[in-house]
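Okay, protein_26.pdb is below, PDB, C-alpha atoms, pLDDT in the B column:
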ATOM      1  CA  SER Z 171       8.485  -7.931   9.744  1.00 45.00           C
ATOM      2  CA  LEU Z 172      11.529  -6.171   8.442  1.00 49.00           C
ATOM      3  CA  PHE Z 173      12.173  -2.942   6.581  1.00 56.00           C
ATOM      4  CA  GLN Z 174      13.258  -2.553   2.977  1.00 60.00           C
ATOM      5  CA  ILE Z 175      13.941   0.649   1.086  1.00 63.00           C
ATOM      6  CA  ASP Z 176      12.141   1.244  -2.209  1.00 63.00           C
ATOM      7  CA  ASN Z 177      13.615   3.010  -5.255  1.00 66.00           C
ATOM      8  CA  LYS Z 178      12.526   6.386  -3.812  1.00 71.00           C
ATOM      9  CA  GLY Z 179      14.301   5.891  -0.470  1.00 70.00           C
ATOM     10  CA  ASN Z 180      11.095   5.153   1.465  1.00 68.00           C
ATOM     11  CA  HIS Z 181      11.127   2.515   4.196  1.00 64.00           C
ATOM     12  CA  LEU Z 182       8.627  -0.306   3.645  1.00 63.00           C
ATOM     13  CA  LEU Z 183       7.608  -3.116   5.937  1.00 59.00           C
ATOM     14  CA  VAL Z 184       8.096  -6.451   4.198  1.00 59.00           C
ATOM     15  CA  HIS Z 185       6.375  -9.645   5.268  1.00 55.00           C
ATOM     16  CA  GLU Z 186       7.191 -13.142   4.182  1.00 52.00           C
ATOM     17  CA  GLU Z 187       3.453 -13.752   3.808  1.00 53.00           C
ATOM     18  CA  SER Z 188       1.996 -11.902   0.801  1.00 51.00           C
ATOM     19  CA  SER Z 189      -1.211 -13.895   0.485  1.00 58.00           C
ATOM     20  CA  ILE Z 190      -4.560 -12.389  -0.359  1.00 69.00           C
ATOM     21  CA  ASN Z 191      -5.778 -13.991   2.890  1.00 74.00           C
ATOM     22  CA  VAL Z 192      -3.924 -11.536   5.151  1.00 79.00           C
ATOM     23  CA  PRO Z 193      -6.609  -9.750   7.218  1.00 80.00           C
ATOM     24  CA  ALA Z 194      -7.110  -6.023   6.683  1.00 85.00           C
ATOM     25  CA  ILE Z 195      -6.341  -3.571   9.484  1.00 87.00           C
ATOM     26  CA  ALA Z 196      -8.175  -0.658   7.812  1.00 89.00           C
ATOM     27  CA  ALA Z 197     -10.096   0.343   4.719  1.00 90.00           C
ATOM     28  CA  ALA Z 198      -9.017   3.262   2.535  1.00 90.00           C
ATOM     29  CA  HIS Z 199     -11.242   5.306   0.225  1.00 91.00           C
ATOM     30  CA  VAL Z 200      -9.360   6.367  -2.903  1.00 92.00           C
ATOM     31  CA  ILE Z 201      -9.496  10.127  -3.502  1.00 92.00           C
ATOM     32  CA  LYS Z 202      -6.823  10.352  -6.217  1.00 91.00           C
ATOM     33  CA  ARG Z 203      -6.224   8.046  -9.189  1.00 92.00           C
ATOM     34  CA  TYR Z 204      -2.959   6.135  -9.021  1.00 90.00           C
ATOM     35  CA  ILE Z 205      -1.263   4.085 -11.731  1.00 92.00           C
ATOM     36  CA  ALA Z 206       1.294   1.561 -10.494  1.00 91.00           C
ATOM     37  CA  GLN Z 207       4.887   2.465 -11.315  1.00 91.00           C
ATOM     38  CA  ALA Z 208       6.338  -0.956 -10.405  1.00 90.00           C
ATOM     39  CA  ALA Z 209       5.181  -4.585 -10.429  1.00 88.00           C
ATOM     40  CA  ASP Z 210       4.633  -4.614  -6.638  1.00 89.00           C
ATOM     41  CA  GLU Z 211       2.386  -1.512  -6.608  1.00 90.00           C
ATOM     42  CA  LEU Z 212      -1.409  -1.257  -6.834  1.00 91.00           C
ATOM     43  CA  SER Z 213      -3.359   0.825  -9.357  1.00 92.00           C
ATOM     44  CA  PHE Z 214      -6.777   2.268  -8.498  1.00 90.00           C
ATOM     45  CA  GLU Z 215      -9.385   4.833  -9.483  1.00 93.00           C
ATOM     46  CA  VAL Z 216     -11.161   7.536  -7.470  1.00 93.00           C
ATOM     47  CA  GLY Z 217     -13.916   5.948  -5.387  1.00 93.00           C
ATOM     48  CA  ASP Z 218     -12.265   2.517  -5.077  1.00 93.00           C
ATOM     49  CA  ILE Z 219     -11.964   0.918  -1.651  1.00 92.00           C
ATOM     50  CA  VAL Z 220      -8.607  -0.632  -0.739  1.00 90.00           C
ATOM     51  CA  SER Z 221      -8.102  -3.016   2.211  1.00 90.00           C
ATOM     52  CA  VAL Z 222      -4.995  -1.905   4.109  1.00 90.00           C
ATOM     53  CA  ILE Z 223      -2.969  -4.846   5.466  1.00 88.00           C
ATOM     54  CA  ASP Z 224       0.177  -3.023   6.649  1.00 87.00           C
ATOM     55  CA  MET Z 225       0.445   0.643   7.614  1.00 85.00           C
ATOM     56  CA  PRO Z 226       3.835   1.676   9.022  1.00 84.00           C
ATOM     57  CA  PRO Z 227       3.960   5.009  10.909  1.00 84.00           C
ATOM     58  CA  LYS Z 228       3.770   8.065   8.631  1.00 83.00           C
ATOM     59  CA  GLU Z 229       7.104   9.229  10.015  1.00 86.00           C
ATOM     60  CA  LEU Z 230       8.815   6.140   8.551  1.00 85.00           C
ATOM     61  CA  THR Z 231       7.239   5.922   5.101  1.00 84.00           C
ATOM     62  CA  SER Z 232       4.529   7.357   2.879  1.00 83.00           C
ATOM     63  CA  TRP Z 233       3.689   3.851   1.610  1.00 86.00           C
ATOM     64  CA  TRP Z 234       1.433   1.065   2.900  1.00 87.00           C
ATOM     65  CA  ARG Z 235       0.495  -2.444   1.762  1.00 89.00           C
ATOM     66  CA  GLY Z 236      -3.006  -3.293   0.705  1.00 89.00           C
ATOM     67  CA  LYS Z 237      -5.410  -5.443  -1.258  1.00 90.00           C
ATOM     68  CA  HIS Z 238      -7.480  -4.249  -4.184  1.00 88.00           C
ATOM     69  CA  GLY Z 239      -9.627  -6.879  -5.794  1.00 84.00           C
ATOM     70  CA  PHE Z 240      -7.435  -9.974  -5.948  1.00 81.00           C
ATOM     71  CA  GLN Z 241      -4.150  -8.045  -6.037  1.00 87.00           C
ATOM     72  CA  VAL Z 242      -1.800  -7.411  -3.111  1.00 88.00           C
ATOM     73  CA  GLY Z 243       0.754  -4.629  -3.335  1.00 89.00           C
ATOM     74  CA  THR Z 244       2.079  -1.330  -2.069  1.00 88.00           C
ATOM     75  CA  SER Z 245       0.634   2.114  -2.562  1.00 86.00           C
ATOM     76  CA  THR Z 246       1.291   5.666  -1.525  1.00 82.00           C
ATOM     77  CA  ARG Z 247      -0.847   7.142   1.287  1.00 78.00           C
ATOM     78  CA  ASP Z 248      -1.317  10.359  -0.702  1.00 79.00           C
ATOM     79  CA  GLY Z 249      -4.171   9.032  -2.831  1.00 74.00           C
ATOM     80  CA  ALA Z 250      -6.380   7.476  -0.158  1.00 76.00           C
ATOM     81  CA  LYS Z 251      -8.017   8.290   3.166  1.00 76.00           C
ATOM     82  CA  THR Z 252      -8.325   5.693   5.926  1.00 70.00           C
TER      83      THR Z 252
END

Once more with this new file: its structure as structure tokens, please.
Amino acid sequence: SLFQIDNKGNHLLVHEESSINVPAIAAAHVIKRYIAQAADELSFEVGDIVSVIDMPPKELTSWWRGKHGFQVGTSTRDGAKT
């Protein structure tokens, strides 16, 4: 893993493997609707369940990587509870 910085200055963990087959490390219940702002982000509605596949420490970034349906992308922690 290595870190990249997104367009908001947040540090993100980046993996070479971005396959849908990456195992989840947690499940998140969506409590706030989110509409993706970039091609690598996930969109979801309240009540959706997202499989979290990468969750850097909160002190480093407010973003994590997850799977929703057949999409893999990043999302903010603010709209979901793990």

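Atom pair CA of Val222 in chain Z / CA of Trp234 in chain Z has a distance of 7.2 Å (rounded to one decimal).
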
key: Contact residues around range 200-204 of chain Z with only C-alpha atoms at 12 Å, ignoring same-chain residues under 6 positions, as number ranges by chain   = Z: 211-222, 238, 244-252

ask   = Any idea what the distance is between CA of Ala208 in chain Z and CA of Pro226 in chain Z?
value = 19.8 Å

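Note that CA of Ala198 in chain Z and CA of Asp224 in chain Z are 11.9 Å apart.
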
Please fill the gaps in range 204-215 of chain Z so it has all heavy atoms, and write that as a PDB file, in the frame of the given file.
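The result, written out as part21.pdb:
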ATOM      1  N   TYR Z 204      -4.366   6.502  -9.070  1.00 90.00           N
ATOM      2  CA  TYR Z 204      -2.959   6.135  -9.021  1.00 90.00           C
ATOM      3  C   TYR Z 204      -2.705   4.988  -9.987  1.00 90.00           C
ATOM      4  O   TYR Z 204      -3.427   3.996  -9.982  1.00 90.00           O
ATOM      5  CB  TYR Z 204      -2.532   5.715  -7.605  1.00 90.00           C
ATOM      6  CG  TYR Z 204      -1.052   5.431  -7.508  1.00 90.00           C
ATOM      7  CD1 TYR Z 204      -0.135   6.462  -7.457  1.00 90.00           C
ATOM      8  CD2 TYR Z 204      -0.576   4.130  -7.525  1.00 90.00           C
ATOM      9  CE1 TYR Z 204       1.229   6.208  -7.404  1.00 90.00           C
ATOM     10  CE2 TYR Z 204       0.783   3.861  -7.471  1.00 90.00           C
ATOM     11  CZ  TYR Z 204       1.674   4.916  -7.410  1.00 90.00           C
ATOM     12  OH  TYR Z 204       3.020   4.660  -7.367  1.00 90.00           O
ATOM     13  N   ILE Z 205      -1.673   5.136 -10.805  1.00 92.00           N
ATOM     14  CA  ILE Z 205      -1.263   4.085 -11.731  1.00 92.00           C
ATOM     15  C   ILE Z 205       0.061   3.528 -11.237  1.00 92.00           C
ATOM     16  O   ILE Z 205       1.015   4.279 -11.015  1.00 92.00           O
ATOM     17  CB  ILE Z 205      -1.122   4.623 -13.164  1.00 92.00           C
ATOM     18  CG1 ILE Z 205      -2.478   5.140 -13.647  1.00 92.00           C
ATOM     19  CG2 ILE Z 205      -0.584   3.545 -14.097  1.00 92.00           C
ATOM     20  CD1 ILE Z 205      -2.442   5.856 -14.971  1.00 92.00           C
ATOM     21  N   ALA Z 206       0.100   2.223 -11.024  1.00 91.00           N
ATOM     22  CA  ALA Z 206       1.294   1.561 -10.494  1.00 91.00           C
ATOM     23  C   ALA Z 206       2.511   1.898 -11.342  1.00 91.00           C
ATOM     24  O   ALA Z 206       2.452   1.904 -12.569  1.00 91.00           O
ATOM     25  CB  ALA Z 206       1.078   0.054 -10.446  1.00 91.00           C
ATOM     26  N   GLN Z 207       3.627   2.156 -10.655  1.00 91.00           N
ATOM     27  CA  GLN Z 207       4.887   2.465 -11.315  1.00 91.00           C
ATOM     28  C   GLN Z 207       5.857   1.283 -11.280  1.00 91.00           C
ATOM     29  O   GLN Z 207       6.917   1.333 -11.886  1.00 91.00           O
ATOM     30  CB  GLN Z 207       5.541   3.675 -10.635  1.00 91.00           C
ATOM     31  CG  GLN Z 207       4.650   4.899 -10.590  1.00 91.00           C
ATOM     32  CD  GLN Z 207       4.329   5.444 -11.972  1.00 91.00           C
ATOM     33  OE1 GLN Z 207       5.232   5.701 -12.757  1.00 91.00           O
ATOM     34  NE2 GLN Z 207       3.053   5.606 -12.274  1.00 91.00           N
ATOM     35  N   ALA Z 208       5.495   0.239 -10.528  1.00 90.00           N
ATOM     36  CA  ALA Z 208       6.338  -0.956 -10.405  1.00 90.00           C
ATOM     37  C   ALA Z 208       5.425  -2.170 -10.256  1.00 90.00           C
ATOM     38  O   ALA Z 208       4.239  -2.035  -9.931  1.00 90.00           O
ATOM     39  CB  ALA Z 208       7.265  -0.840  -9.200  1.00 90.00           C
ATOM     40  N   ALA Z 209       5.966  -3.345 -10.466  1.00 88.00           N
ATOM     41  CA  ALA Z 209       5.181  -4.585 -10.429  1.00 88.00           C
ATOM     42  C   ALA Z 209       4.558  -4.857  -9.062  1.00 88.00           C
ATOM     43  O   ALA Z 209       3.520  -5.508  -8.977  1.00 88.00           O
ATOM     44  CB  ALA Z 209       6.056  -5.766 -10.837  1.00 88.00           C
ATOM     45  N   ASP Z 210       5.163  -4.342  -7.978  1.00 89.00           N
ATOM     46  CA  ASP Z 210       4.633  -4.614  -6.638  1.00 89.00           C
ATOM     47  C   ASP Z 210       3.686  -3.522  -6.135  1.00 89.00           C
ATOM     48  O   ASP Z 210       3.283  -3.521  -4.984  1.00 89.00           O
ATOM     49  CB  ASP Z 210       5.779  -4.813  -5.640  1.00 89.00           C
ATOM     50  CG  ASP Z 210       6.625  -3.574  -5.460  1.00 89.00           C
ATOM     51  OD1 ASP Z 210       6.578  -2.664  -6.327  1.00 89.00           O
ATOM     52  OD2 ASP Z 210       7.344  -3.493  -4.450  1.00 89.00           O
ATOM     53  N   GLU Z 211       3.297  -2.585  -6.994  1.00 90.00           N
ATOM     54  CA  GLU Z 211       2.386  -1.512  -6.608  1.00 90.00           C
ATOM     55  C   GLU Z 211       0.969  -1.784  -7.103  1.00 90.00           C
ATOM     56  O   GLU Z 211       0.766  -2.516  -8.069  1.00 90.00           O
ATOM     57  CB  GLU Z 211       2.869  -0.176  -7.169  1.00 90.00           C
ATOM     58  CG  GLU Z 211       4.159   0.294  -6.568  1.00 90.00           C
ATOM     59  CD  GLU Z 211       4.609   1.634  -7.135  1.00 90.00           C
ATOM     60  OE1 GLU Z 211       3.843   2.306  -7.853  1.00 90.00           O
ATOM     61  OE2 GLU Z 211       5.751   1.989  -6.852  1.00 90.00           O
ATOM     62  N   LEU Z 212      -0.008  -1.152  -6.446  1.00 91.00           N
ATOM     63  CA  LEU Z 212      -1.409  -1.257  -6.834  1.00 91.00           C
ATOM     64  C   LEU Z 212      -1.830  -0.045  -7.657  1.00 91.00           C
ATOM     65  O   LEU Z 212      -1.373   1.065  -7.403  1.00 91.00           O
ATOM     66  CB  LEU Z 212      -2.303  -1.308  -5.591  1.00 91.00           C
ATOM     67  CG  LEU Z 212      -2.171  -2.508  -4.675  1.00 91.00           C
ATOM     68  CD1 LEU Z 212      -3.019  -2.298  -3.427  1.00 91.00           C
ATOM     69  CD2 LEU Z 212      -2.585  -3.769  -5.401  1.00 91.00           C
ATOM     70  N   SER Z 213      -2.719  -0.258  -8.607  1.00 92.00           N
ATOM     71  CA  SER Z 213      -3.359   0.825  -9.357  1.00 92.00           C
ATOM     72  C   SER Z 213      -4.809   0.907  -8.899  1.00 92.00           C
ATOM     73  O   SER Z 213      -5.419  -0.128  -8.600  1.00 92.00           O
ATOM     74  CB  SER Z 213      -3.354   0.539 -10.859  1.00 92.00           C
ATOM     75  OG  SER Z 213      -2.059   0.546 -11.367  1.00 92.00           O
ATOM     76  N   PHE Z 214      -5.366   2.128  -8.834  1.00 90.00           N
ATOM     77  CA  PHE Z 214      -6.777   2.268  -8.498  1.00 90.00           C
ATOM     78  C   PHE Z 214      -7.325   3.602  -8.984  1.00 90.00           C
ATOM     79  O   PHE Z 214      -6.589   4.502  -9.332  1.00 90.00           O
ATOM     80  CB  PHE Z 214      -7.038   2.098  -7.007  1.00 90.00           C
ATOM     81  CG  PHE Z 214      -5.983   2.661  -6.102  1.00 90.00           C
ATOM     82  CD1 PHE Z 214      -5.844   4.018  -5.936  1.00 90.00           C
ATOM     83  CD2 PHE Z 214      -5.140   1.819  -5.404  1.00 90.00           C
ATOM     84  CE1 PHE Z 214      -4.890   4.543  -5.092  1.00 90.00           C
ATOM     85  CE2 PHE Z 214      -4.168   2.337  -4.565  1.00 90.00           C
ATOM     86  CZ  PHE Z 214      -4.042   3.692  -4.402  1.00 90.00           C
ATOM     87  N   GLU Z 215      -8.658   3.663  -9.021  1.00 93.00           N
ATOM     88  CA  GLU Z 215      -9.385   4.833  -9.483  1.00 93.00           C
ATOM     89  C   GLU Z 215     -10.078   5.519  -8.311  1.00 93.00           C
ATOM     90  O   GLU Z 215     -10.326   4.902  -7.270  1.00 93.00           O
ATOM     91  CB  GLU Z 215     -10.456   4.410 -10.512  1.00 93.00           C
ATOM     92  CG  GLU Z 215      -9.913   3.734 -11.746  1.00 93.00           C
ATOM     93  CD  GLU Z 215      -9.117   4.676 -12.646  1.00 93.00           C
ATOM     94  OE1 GLU Z 215      -9.433   5.893 -12.659  1.00 93.00           O
ATOM     95  OE2 GLU Z 215      -8.199   4.205 -13.334  1.00 93.00           O
TER      96      GLU Z 215
END
